[in-house]
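Undergrad: Have a look at this one.
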Number of protein chains: 2
Amino acid sequence: MTDHAPASPVRLAERLANVETSAIRELFKLLGKPGIISFAGGFPDAALFDVEGIREATLAALAANPGAALQYGATEGFDPLREQLAAFMAAKGARGVAPGDLIVTTGSQQALDLIGKTLVSPGDTVIVEAPTFLATIQCFRLYGAQLLTVPVDGQGADVEALERLIEQHRPKFVYLIPTFGNPSGAQMSLERRRRVLELAVRTRTLVVEDDPYGDLYFDVPPPPSLLALSHEVPGSRACLVHCGSLSKVLSPGLRIGWMVAPPELLAKATMCKQFSDAHTSTYAQATAAQYLASGRMPATLERVRGIYARRAAAMVEALRQELGAAIDFVPPRGGLFVWARLTGANGKTADGGELARRAIEQGVAFVPGAPFFARDPDPATLRLSFATVDEDRIREGVRRLAAALG
Amino acid sequence: MTDHAPASPVRLAERLANVETSAIRELFKLLGKPGIISFAGGFPDAALFDVEGIREATLAALAANPGAALQYGATEGFDPLREQLAAFMAAKGARGVAPGDLIVTTGSQQALDLIGKTLVSPGDTVIVEAPTFLATIQCFRLYGAQLLTVPVDGQGADVEALERLIEQHRPKFVYLIPTFGNPSGAQMSLERRRRVLELAVRTRTLVVEDDPYGDLYFDVPPPPSLLALSHEVPGSRACLVHCGSLSKVLSPGLRIGWMVAPPELLAKATMCKQFSDAHTSTYAQATAAQYLASGRMPATLERVRGIYARRAAAMVEALRQELGAAIDFVPPRGGLFVWARLTGANGKTADGGELARRAIEQGVAFVPGAPFFARDPDPATLRLSFATVDEDRIREGVRRLAAALG
C-alpha cells in the first residue's frame with residue numbers, strides 16, 4: 001500500500017497502439033451546430049427509406065415464423081435471407097453464387113472485421129486504395145496490418161502500380177472499392193476490372209471487393225462487379241472475396257451485409273463470427289428477407305437513384321460555378337460522394353483541413369480528404385456528400401464553401 | 001508456373017491456430033434427427049417469447065421516429081435504449097449506473113469479443129471458471145489468451161483458489177458468470193461475491209461479470225450482481241466490467257447486449273466496436289427500447305420464471321428417480337441448466353462423451369461437459385438444459401437417458 005492513487009486495473013492490449021479514434025468521428029461532434037449544411041455524412045438520406053415496406057416486411061416475418069425471427073440463428077445467416085441475397089446478386093450478373101457461398105454479416109463493416117481476423121497476422125502487408133474507406137484502414141490496422149497504397153484516378157485503381165506492389169510485397173490481400181468508392185467516388189473501368197482479376201489469378205493474390213454503392217448509379221449501370229466478371233476469368237473466383245450491404249440501398253439500421261468468399265475462408269470467417277456476435281440479428285435478417293421477397297426493391301432503387309443523381313448534378317454544377325478553377329474533380333456517376341482537390345489557383349488555400357475549419361464558421365461542413373489515405377496523405381483533398389441535402393441547400397452550401405475559400 | 005495445382009491465395013492468420021470449431025456446433029448437426037428430445041440447447045424457449053409485445057414495440061419505434069430506427073446510429077448505442085437499460089439495472093439494485101456508463105453490444109457475445117480485443121495481447125493470462133461458457137474460451141483464445149481456471153462448486157467460484165491464481169499470475173482479467181452460469185448453473189454466494197470484489201480492489205485486478213441469466217431465478221432472487229454489490233465495496237466499480245443481455249429474457253434474435261466498464265476501457269471498447277460492426281442494429285435497439293418502456297418486462301419475466309422453475313423441478317426429480325446414484329448434481333435455483341456428474345456407481349459409464357453418443361441412439365441429446373473446461377476437462381460431466389422441453393417430455397427424455405446409461 002502506498003500514498004499514491006491506486007494503479008488502474010485496466011491494462012490495454014498492444015494492438016490498440018496501432019489505431020486512433022477517427023478524425024471524422026471528432027468532426028461529427030460539430031455537426032449539431034444549428035443551421036449547418038452538412039456534406040460531411042457518409043450515410044444515405046433517411047427521408048428516402050421505404051418505411052412502409054420495412055414495416056410490412058417485419059409484420060410478415062412475425063406472421064410467417066415468429067420463433068425463427070426472434071430465436072438464435074445459424075452463424076452463417078438466416079437461410080431465407082441467404083437465398084434472397086444470392087438472387088439479388090444474380091440479378092446483377094453474378095452467376096453461380098449459391099446461398100451457401102455467402103454468409104450474412106452485421107453490416108459490411110463486420111465482413112471487413114472478419115477478413116482482418118481470419119487473415120491478418122501482425123506485420124502482414126495489405127494493399128488498399130489511396131484514398132480508401134477510413135474504417136477499413138483502422139479495422140485492418142487493429143489486427144496489425146501494414147498498409148501499402150495504390151493510387152486511384154477517375155478510372156479506379158492504377159493496375160500497373162498494383163502489379164508492381166503485389167510482386168514486390170506479396171500482400172495477404174488487396175482491398176478495393178471498384179464502384180463509386182468511399183471517398184473517391186471513382187468507377188473502375190471494365191478493362192481494369194478484367195486486369196485485376198487476371199493479376200489475382202497469375203500472382204495467387206486474394207482480392208477483396210467491397211461493393212456497397214454499386215446499385216446507386218445515376219444513369220447507366222456501372223461495369224459488372226469483380227464477382228460478376230469472375231466467370232469470364234478462369235480461376236478468379238478462388239481469388240475473390242466480395243462484400244455486399246443493404247445499408248446504402250435499404251437501411252443502415254438493419255445492419256445487414258454479406259460476404260462471398262472461397263469455401264476455406266468462408267468457413268474460418270464463420271467460426272470467427274461465432275465468437276464475434278454469434279450471428280446477425282435474426283429479426284433484422286427476417287425483415288430483410290421479407291423485404292427482398294416482396295419485390296419492392298427495384299422501385300426503391302429507381303427512386304433513390306433519381307434523387308441522388310439530381311443532387312449530384314446540383315453539386316457538380318454549383319462547385320464549377322462557385323469555386324471554378326480553385327477546385328478539381330471527376331463528376332461521379334453514382335454513389336454518395338464528390339471527391340475533389342483544391343488546386344490553390346489564385347492564391348486560395350489548398351489545404352482541406354484549413355478549409356474545413358473555415359467552412360464550419362460559414363455554416364457548411366465536409367470531411368477533409370487526408371485521413372482517407374493510409375499513408376502519404378494528400379492535404380488538398382475533400383470529400384463532399386450530396387446524399388442528404390436537397391438541391392437548393394446544396395447550392396447554398398456550395399456558396400458558403402466558396403465564401404470560406406475566400 | 002508448375003504442373004501442380006495452383007497455390008491457394010488464402011493464407012490464414014496465425015491466431016486461428018489457437019481455436020477449433022466448437023464441439024457443440026458439431027453436435028447440433030445431429031439434433032435434426034426426428035423424434036429426438038433435446039436437452040442440448042443453450043437457448044430459451046421460443047414458444048415463450050412475447051411476440052405481440054415485440055411487434056407492438058417495433059410499430060411504436062417506427063411511428064415515433066422511423067428515420068432514427070433505420071439510420072446509422074452512434075457506436076455507443078441508441079440513447080433511449082441506454083436509458084432503459086440503466087433503469088433496468090437500477091431496478092435490480094445497481095446504483096449510480098448512468099446511461100453513459102454502458103454501451104450497447106450485438107449480444108453479450110460481442111461484449112466478450114470487445115473485451116478480448118481491447119485487453120488481450122498474445123500470451124496474456126486470463127482466468128475463467130472451470131467449467132465456463134464455451135464461446136468465451138474460444139473468443140479469448142482467438143486473441144491469444146492463455147487461460148487458467150478456477151474451480152466452481154455449488155457456491156460458485158472458489159475464491160481462495162482464485163486469490164492464489166491472481167497473486168501468482170497477475171492476469172489481465174478474471175471472467176466469472178456468478179449467477180446460474182452456463183454450464184454450471186451455480187449461484188455464487190453473497191459472501192463469495194463480496195470477497196471477489198475485495199480481492200479485485202486489493203490486487204488491482206479487473207473482474208468481468210457476465211450476467212445473462214440473473215433474471216431467471218425460480219423462487220427467491222439471487223444475491224445482488226457484482227455490479228449491484230460494488231457500491232458496498234469501495235473502489236470496486238473501477239475494477240469491474242459487467243455484461244448484460246436481453247437474449248435469455250426477451251429474444252436472442254434481437255442481439256441486444258450491453259457492457260458497463262470503467263470509462264477508459266469503455267472508450268476503447270467503443271472504438272473497437274466502431275471497426276467491428278459500426279453499431280448494433282438500431283432497428284433492434286429501438287424495438288428493445290420501446291419494449292422496456294412499455295412496462296411489459298416484469299410480467300414476461302414472471303411468466304418465464306414460473307415455467308422454467310417447473311421444468312427444472314421435473315428434470316431434477318426425474319434424474320433422481322431414474323438415474324439415482326449414477327449421477328450427482330446440485331439442483332439449480334435459476335437459469336437454463338442442470339450441470340451433473342456421472343459417478344460410475346454400479347459399474348455404469350462415467351464418460352459423458354460416451355453417454356452422449358449412446359443417448360442419441362436412444363433419442364435424447366445433451367452436451368458432454370468436457371469442452372466447457374479451458375483445461376483439465378472432467379470427462380464425467382454433462383450439461384442438461386430443461387428450458388425448451390415440456391415436463392412430460394423431460395420425464396420421457398430422462399427415461400431415455402437412463403436407458404442409455406444401461
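By order of appearance in the C-alpha cells: chains A, B, ..., then residues from 1 within every chain, and ligands from 1 in the order shown.
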Using only C-alpha atoms, I'd like a table of the residues in chain B that come within 7 Å of chain A; for each, show the closest atom pair and its distance in Å rounded to one decimal, ordered by chain and ascending number, as a tab-separated table.
TA:
residue	atom	partner	partner_atom	distance
B:Ala7	CA	A:Arg204	CA	6.7
B:Ser8	CA	A:Arg204	CA	6.9
B:Pro9	CA	A:Arg204	CA	4.9
B:Val10	CA	A:Leu206	CA	6.5
B:Arg11	CA	A:Leu119	CA	6.5
B:Leu12	CA	A:Leu119	CA	4.6
B:Ala13	CA	A:Leu119	CA	4.3
B:Glu14	CA	A:Ser121	CA	5.9
B:Leu16	CA	A:Thr118	CA	6.9
B:Thr21	CA	A:Met271	CA	6.4
B:Ala46	CA	A:Gly67	CA	5.2
B:Ala47	CA	A:Gly67	CA	6.8
B:Val51	CA	A:Pro66	CA	6.7
B:Pro66	CA	A:Val51	CA	6.7
B:Gly67	CA	A:Ala46	CA	5.1
B:Ala69	CA	A:Gly253	CA	6.3
B:Leu70	CA	A:Gly253	CA	4.1
B:Gln71	CA	A:Gly253	CA	4.7
B:Tyr72	CA	A:Pro252	CA	5.3
B:Thr106	CA	A:Asp277	CA	5.9
B:Gly107	CA	A:Asp277	CA	6.2
B:Gln109	CA	A:Asp277	CA	5.1
B:Gln110	CA	A:Asp277	CA	4.8
B:Asp113	CA	A:Ser276	CA	5.4
B:Thr118	CA	A:Ala13	CA	5.4
B:Leu119	CA	A:Ala13	CA	4.3
B:Val120	CA	A:Ala13	CA	5.0
B:Ser121	CA	A:Ala13	CA	4.9
B:Ala135	CA	A:Phe275	CA	5.9
B:Gln138	CA	A:Phe275	CA	6.9
B:Cys139	CA	A:Phe275	CA	5.0
B:Lys172	CA	A:Arg11	CA	6.8
B:Arg204	CA	A:Pro9	CA	4.9
B:Thr205	CA	A:Pro9	CA	5.2
B:Leu206	CA	A:Pro9	CA	5.3
B:Cys239	CA	A:Pro9	CA	5.9
B:Ser251	CA	A:Leu70	CA	5.4
B:Pro252	CA	A:Gln71	CA	5.2
B:Gly253	CA	A:Leu70	CA	4.1
B:Leu254	CA	A:Ser281	CA	5.2
B:Arg255	CA	A:Ser281	CA	5.4
B:Leu265	CA	A:Val10	CA	6.9
B:Met271	CA	A:Thr21	CA	6.4
B:Phe275	CA	A:Cys139	CA	5.0
B:Ser276	CA	A:Gln110	CA	5.3
B:Asp277	CA	A:Gln110	CA	4.8
B:Ala278	CA	A:Gln109	CA	6.5
B:Ser281	CA	A:Gly253	CA	5.2
B:Thr282	CA	A:Gly253	CA	4.7
B:Tyr283	CA	A:Gly253	CA	5.5
Undergrad: Could you dump the residues just selected with C-alpha atoms as a PDB file, in the first residue's frame?
TA:
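The result, stored in result.pdb:
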ATOM      1  CA  ALA B   7      -1.362 -22.466 -54.561  1.00  0.00           C
ATOM      2  CA  SER B   8      -4.367 -21.277 -52.559  1.00  0.00           C
ATOM      3  CA  PRO B   9      -4.449 -17.481 -52.396  1.00  0.00           C
ATOM      4  CA  VAL B  10      -5.866 -17.838 -48.857  1.00  0.00           C
ATOM      5  CA  ARG B  11      -3.170 -17.624 -46.184  1.00  0.00           C
ATOM      6  CA  LEU B  12      -4.755 -17.626 -42.748  1.00  0.00           C
ATOM      7  CA  ALA B  13      -3.775 -15.527 -39.744  1.00  0.00           C
ATOM      8  CA  GLU B  14      -1.714 -17.235 -37.057  1.00  0.00           C
ATOM      9  CA  LEU B  16      -6.624 -19.205 -35.959  1.00  0.00           C
ATOM     10  CA  THR B  21     -14.671 -25.317 -34.317  1.00  0.00           C
ATOM     11  CA  ALA B  46     -39.127 -19.617 -28.446  1.00  0.00           C
ATOM     12  CA  ALA B  47     -42.696 -20.523 -27.516  1.00  0.00           C
ATOM     13  CA  VAL B  51     -44.256 -11.858 -29.846  1.00  0.00           C
ATOM     14  CA  PRO B  66     -38.643   5.906 -38.370  1.00  0.00           C
ATOM     15  CA  GLY B  67     -35.518   7.735 -39.516  1.00  0.00           C
ATOM     16  CA  ALA B  69     -34.792   3.420 -36.152  1.00  0.00           C
ATOM     17  CA  LEU B  70     -33.486   2.763 -39.673  1.00  0.00           C
ATOM     18  CA  GLN B  71     -30.470   5.084 -39.997  1.00  0.00           C
ATOM     19  CA  TYR B  72     -26.885   4.660 -38.838  1.00  0.00           C
ATOM     20  CA  THR B 106     -24.535  -7.041 -30.531  1.00  0.00           C
ATOM     21  CA  GLY B 107     -25.500  -9.643 -27.966  1.00  0.00           C
ATOM     22  CA  GLN B 109     -21.092 -12.283 -27.189  1.00  0.00           C
ATOM     23  CA  GLN B 110     -19.859  -9.043 -28.738  1.00  0.00           C
ATOM     24  CA  ASP B 113     -15.205 -10.032 -28.186  1.00  0.00           C
ATOM     25  CA  THR B 118      -9.213  -4.243 -26.096  1.00  0.00           C
ATOM     26  CA  LEU B 119      -7.395  -6.164 -23.373  1.00  0.00           C
ATOM     27  CA  VAL B 120      -5.714  -9.342 -24.588  1.00  0.00           C
ATOM     28  CA  SER B 121      -2.299  -9.377 -26.195  1.00  0.00           C
ATOM     29  CA  ALA B 135     -17.721 -19.370 -26.713  1.00  0.00           C
ATOM     30  CA  GLN B 138     -12.708 -19.653 -27.900  1.00  0.00           C
ATOM     31  CA  CYS B 139     -13.283 -15.900 -28.099  1.00  0.00           C
ATOM     32  CA  LYS B 172      -5.255  -9.314 -17.456  1.00  0.00           C
ATOM     33  CA  ARG B 204      -5.922  -4.227  -8.749  1.00  0.00           C
ATOM     34  CA  THR B 205      -7.437  -6.962 -10.889  1.00  0.00           C
ATOM     35  CA  LEU B 206     -10.147  -6.389 -13.458  1.00  0.00           C
ATOM     36  CA  CYS B 239     -12.219  -2.944 -11.208  1.00  0.00           C
ATOM     37  CA  SER B 251     -35.318 -12.519 -27.522  1.00  0.00           C
ATOM     38  CA  PRO B 252     -31.902 -13.714 -28.675  1.00  0.00           C
ATOM     39  CA  GLY B 253     -32.788 -12.750 -32.245  1.00  0.00           C
ATOM     40  CA  LEU B 254     -32.668  -9.046 -31.414  1.00  0.00           C
ATOM     41  CA  ARG B 255     -28.971  -9.445 -30.453  1.00  0.00           C
ATOM     42  CA  LEU B 265     -11.980   0.783 -21.101  1.00  0.00           C
ATOM     43  CA  MET B 271     -13.524   2.497 -30.699  1.00  0.00           C
ATOM     44  CA  PHE B 275     -14.459  -1.155 -36.605  1.00  0.00           C
ATOM     45  CA  SER B 276     -16.279  -4.395 -35.668  1.00  0.00           C
ATOM     46  CA  ASP B 277     -19.819  -3.576 -36.807  1.00  0.00           C
ATOM     47  CA  ALA B 278     -20.155   0.250 -36.597  1.00  0.00           C
ATOM     48  CA  SER B 281     -28.885  -2.711 -35.276  1.00  0.00           C
ATOM     49  CA  THR B 282     -30.773   0.491 -34.489  1.00  0.00           C
ATOM     50  CA  TYR B 283     -33.954  -1.286 -35.600  1.00  0.00           C
TER      51      TYR B 283
END
Undergrad: When you look at range 368-376 of chain A with a cut-off of 6 Å (counting only C-alpha atoms), what residues show up, excluding the ones that are within fewer than 3 positions of it in the same chain? I need them as a PyMOL selection string.
TA: chain A and resi 130-132+134+352-353+379+381-383
Undergrad: Generate the output file for the selected residues, N, CA, C and O atoms, as a compact mmCIF listing (two decimals), in the first residue's frame.
TA:
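So result07.txt came out as:
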# COMPACT_ATOMS: atom_id res chain seq x y z
N ALA A 130 -5.62 4.45 -52.40
CA ALA A 130 -5.36 5.78 -51.84
C ALA A 130 -6.15 6.78 -52.67
O ALA A 130 -5.78 7.02 -53.81
N PRO A 131 -7.25 7.27 -52.12
CA PRO A 131 -7.80 7.11 -50.77
C PRO A 131 -8.69 5.88 -50.66
O PRO A 131 -9.11 5.32 -51.67
N THR A 132 -9.01 5.50 -49.40
CA THR A 132 -9.97 4.42 -49.17
C THR A 132 -10.80 4.71 -47.93
O THR A 132 -10.59 5.71 -47.22
N LEU A 134 -12.16 4.97 -44.43
CA LEU A 134 -11.42 5.18 -43.20
C LEU A 134 -11.53 4.02 -42.22
O LEU A 134 -10.54 3.59 -41.61
N GLY A 352 -7.16 21.17 -47.27
CA GLY A 352 -8.53 20.73 -46.98
C GLY A 352 -8.90 20.89 -45.51
O GLY A 352 -10.04 21.21 -45.19
N GLY A 353 -7.95 20.64 -44.63
CA GLY A 353 -8.22 20.76 -43.20
C GLY A 353 -8.51 22.21 -42.81
O GLY A 353 -9.44 22.50 -42.06
N PRO A 379 -3.10 16.56 -48.63
CA PRO A 379 -3.84 17.52 -47.80
C PRO A 379 -4.79 18.41 -48.60
O PRO A 379 -5.60 19.12 -48.01
N THR A 381 -7.16 17.43 -50.55
CA THR A 381 -8.38 16.73 -50.96
C THR A 381 -9.54 16.95 -49.98
O THR A 381 -9.35 17.26 -48.81
N LEU A 382 -10.76 16.76 -50.52
CA LEU A 382 -12.01 16.92 -49.76
C LEU A 382 -12.99 15.83 -50.17
O LEU A 382 -13.01 15.44 -51.34
N ARG A 383 -13.83 15.41 -49.24
CA ARG A 383 -14.96 14.56 -49.59
C ARG A 383 -16.24 15.30 -49.29
O ARG A 383 -16.46 15.76 -48.16
Undergrad: Got a sec: who's within 9 Å of Ala387 in chain A, counting only C-alpha atoms, leaving out chain neighbours fewer than 3 positions off, as a PyMOL selection string?
TA: chain A and resi 39+41-45+307-308+311-312+335-337+390
Undergrad: Keeping only all heavy atoms, write the selected residues as a short mmCIF file (atom, residue, chain, number, x, y, z; two decimals), in the first residue's frame.
TA:
data_model
loop_
_atom_site.label_atom_id
_atom_site.label_comp_id
_atom_site.auth_asym_id
_atom_site.auth_seq_id
_atom_site.Cartn_x
_atom_site.Cartn_y
_atom_site.Cartn_z
N PHE A 39 -22.26 18.39 -45.72
CA PHE A 39 -21.81 17.49 -46.79
C PHE A 39 -20.85 16.45 -46.20
O PHE A 39 -20.10 15.80 -46.91
CB PHE A 39 -21.06 18.27 -47.89
CG PHE A 39 -21.87 19.37 -48.54
CD1 PHE A 39 -21.26 20.58 -48.93
CD2 PHE A 39 -23.23 19.21 -48.80
CE1 PHE A 39 -21.97 21.59 -49.55
CE2 PHE A 39 -23.96 20.23 -49.43
CZ PHE A 39 -23.33 21.42 -49.80
N GLY A 41 -21.56 13.77 -44.13
CA GLY A 41 -22.03 12.42 -43.83
C GLY A 41 -21.54 11.38 -44.80
O GLY A 41 -21.15 11.68 -45.94
N GLY A 42 -21.57 10.14 -44.34
CA GLY A 42 -21.26 9.02 -45.22
C GLY A 42 -22.47 8.11 -45.30
O GLY A 42 -22.33 6.93 -45.55
N PHE A 43 -23.64 8.69 -45.10
CA PHE A 43 -24.84 7.86 -44.99
C PHE A 43 -25.91 8.28 -45.99
O PHE A 43 -25.88 9.39 -46.52
CB PHE A 43 -25.39 7.90 -43.56
CG PHE A 43 -25.32 9.24 -42.88
CD1 PHE A 43 -26.29 10.20 -43.09
CD2 PHE A 43 -24.24 9.54 -42.04
CE1 PHE A 43 -26.22 11.43 -42.45
CE2 PHE A 43 -24.18 10.77 -41.39
CZ PHE A 43 -25.16 11.72 -41.61
N PRO A 44 -26.86 7.37 -46.24
CA PRO A 44 -27.96 7.70 -47.16
C PRO A 44 -28.96 8.62 -46.47
O PRO A 44 -28.90 8.83 -45.27
CB PRO A 44 -28.58 6.32 -47.44
CG PRO A 44 -28.29 5.51 -46.22
CD PRO A 44 -26.96 5.99 -45.71
N ASP A 45 -29.89 9.14 -47.25
CA ASP A 45 -30.90 10.06 -46.72
C ASP A 45 -32.03 9.27 -46.07
O ASP A 45 -32.75 8.52 -46.75
CB ASP A 45 -31.44 10.93 -47.86
CG ASP A 45 -32.33 12.05 -47.35
OD1 ASP A 45 -32.76 11.99 -46.18
OD2 ASP A 45 -32.59 12.99 -48.12
N ILE A 307 -33.12 10.59 -57.27
CA ILE A 307 -32.93 11.71 -56.34
C ILE A 307 -31.44 12.00 -56.14
O ILE A 307 -31.00 13.16 -56.20
CB ILE A 307 -33.64 11.41 -55.00
CG1 ILE A 307 -35.15 11.41 -55.23
CG2 ILE A 307 -33.24 12.42 -53.92
CD1 ILE A 307 -35.97 10.85 -54.08
N TYR A 308 -30.63 10.95 -55.93
CA TYR A 308 -29.20 11.18 -55.75
C TYR A 308 -28.56 11.75 -57.03
O TYR A 308 -27.65 12.57 -56.96
CB TYR A 308 -28.48 9.88 -55.34
CG TYR A 308 -28.77 9.43 -53.91
CD1 TYR A 308 -28.62 8.10 -53.54
CD2 TYR A 308 -29.18 10.33 -52.92
CE1 TYR A 308 -28.88 7.67 -52.23
CE2 TYR A 308 -29.44 9.91 -51.63
CZ TYR A 308 -29.29 8.58 -51.28
OH TYR A 308 -29.54 8.17 -50.00
N ARG A 311 -29.23 15.43 -57.07
CA ARG A 311 -28.42 16.12 -56.06
C ARG A 311 -26.95 16.19 -56.48
O ARG A 311 -26.29 17.22 -56.29
CB ARG A 311 -28.55 15.41 -54.69
CG ARG A 311 -29.95 15.59 -54.12
CD ARG A 311 -30.15 14.85 -52.81
NE ARG A 311 -31.51 15.04 -52.34
CZ ARG A 311 -32.05 14.46 -51.28
NH1 ARG A 311 -31.33 13.61 -50.54
NH2 ARG A 311 -33.30 14.71 -50.94
N ALA A 312 -26.45 15.08 -57.05
CA ALA A 312 -25.06 15.09 -57.52
C ALA A 312 -24.88 16.14 -58.62
O ALA A 312 -23.90 16.90 -58.62
CB ALA A 312 -24.68 13.70 -58.05
N GLY A 335 -23.18 6.64 -56.48
CA GLY A 335 -22.70 6.72 -55.10
C GLY A 335 -23.20 7.94 -54.37
O GLY A 335 -24.22 8.55 -54.74
N LEU A 336 -22.45 8.34 -53.33
CA LEU A 336 -22.89 9.42 -52.45
C LEU A 336 -21.94 10.61 -52.42
O LEU A 336 -22.24 11.59 -51.75
CB LEU A 336 -23.02 8.87 -51.00
CG LEU A 336 -23.85 7.60 -50.77
CD1 LEU A 336 -23.79 7.20 -49.29
CD2 LEU A 336 -25.30 7.81 -51.18
N PHE A 337 -20.80 10.53 -53.15
CA PHE A 337 -19.72 11.48 -52.90
C PHE A 337 -19.15 12.16 -54.15
O PHE A 337 -19.03 11.55 -55.20
CB PHE A 337 -18.54 10.77 -52.22
CG PHE A 337 -18.94 10.01 -50.98
CD1 PHE A 337 -18.94 8.63 -50.97
CD2 PHE A 337 -19.35 10.70 -49.84
CE1 PHE A 337 -19.33 7.93 -49.83
CE2 PHE A 337 -19.74 10.00 -48.69
CZ PHE A 337 -19.73 8.61 -48.71
N ASP A 390 -31.06 18.63 -49.87
CA ASP A 390 -31.83 18.85 -51.11
C ASP A 390 -31.13 19.88 -52.01
O ASP A 390 -30.17 20.53 -51.60
CB ASP A 390 -33.29 19.21 -50.81
CG ASP A 390 -33.44 20.59 -50.20
OD1 ASP A 390 -32.62 21.49 -50.50
OD2 ASP A 390 -34.38 20.77 -49.40
#
Undergrad: Here is a test: counting only C-alpha atoms, which residue of B:Ala326, B:Leu216, B:Leu226, B:Leu384 is nearest to Gly306 in chain B?
TA: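 With only C-alpha atoms as the atom set, the closest residue is B:Leu216.
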Undergrad: Pick out each residue of range 362-396 of chain B that DSSP on the backbone tags as strand (DSSP E); I need them as a list in words.
TA: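 Matching residues for strand (DSSP E) in range 362-396 of chain B are Val364, Ala365, Val367, Pro368, Thr381, Leu382, Arg383, Leu384 and Ser385 of chain B.
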Undergrad: Take the residues from that selection and write them out as a JSON list (two decimals), in the first residue's frame, keeping C-alpha atoms.
TA:
[["chain", "number", "residue", "atom", "x", "y", "z"],
["B", 364, "VAL", "CA", -32.24, -37.93, -26.31],
["B", 365, "ALA", "CA", -29.44, -35.37, -26.65],
["B", 367, "VAL", "CA", -23.92, -31.80, -24.25],
["B", 368, "PRO", "CA", -20.99, -33.59, -22.61],
["B", 381, "THR", "CA", -19.67, -34.11, -16.58],
["B", 382, "LEU", "CA", -22.86, -33.32, -18.53],
["B", 383, "ARG", "CA", -24.91, -30.22, -19.27],
["B", 384, "LEU", "CA", -28.65, -30.78, -19.46],
["B", 385, "SER", "CA", -30.96, -27.94, -20.49]]
Undergrad: State, in Å with one decimal place, the distance from CA of Thr149 in chain B to CA of Ser38 in chain B.
TA: 28.8 Å
Undergrad: To one decimal in Å, tell me the separation between CA of Glu167 in chain B and CA of Gln146 in chain B.
TA: 16.1 Å
Undergrad: Among range 255-308 of chain B, which ones does DSSP place in helix (DSSP H, G or I), written as a PyMOL selection string?
TA: chain B and resi 263-276+282-294+297-308
Undergrad: Excluding same-chain residues fewer than 3 positions from Arg320 in chain A, what lies within 12 Å of it counting only C-alpha atoms, as a ChimeraX atom specification?
TA: /A:313-317,323-331,340,395,398-399,402
Undergrad: Find the spatial neighbours of Ala289 in chain A, counting only C-alpha atoms, within a cut-off of 9 Å - ignore same-chain residues fewer than 2 positions away - and output them as a PyMOL selection string.
TA: chain A and resi 57+61+78-85+284-287+291-294
Undergrad: Point out the residue among A:Arg237, A:Gly123, A:Met259, A:Val150 with the least atom-to-atom distance to Gly77 in chain A, counting only C-alpha atoms.
TA: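 Of A:Arg237, A:Gly123, A:Met259, A:Val150, the one nearest Gly77 in chain A, counting only C-alpha atoms, is A:Met259.
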Undergrad: Grab the CA of Ala86 in chain A to CA of Ala299 in chain A distance for me, in Å with one decimal place.
TA: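 Going from CA of Ala86 in chain A over to CA of Ala299 in chain A covers 19.1 Å.
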Undergrad: Between B:Ala60, B:Leu147, B:Arg95, B:Ala269, which has the minimum distance to Ser230 in chain B (counting only C-alpha atoms)?
TA: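 Once distances to Ser230 in chain B are computed over only C-alpha atoms, the minimum belongs to B:Arg95.
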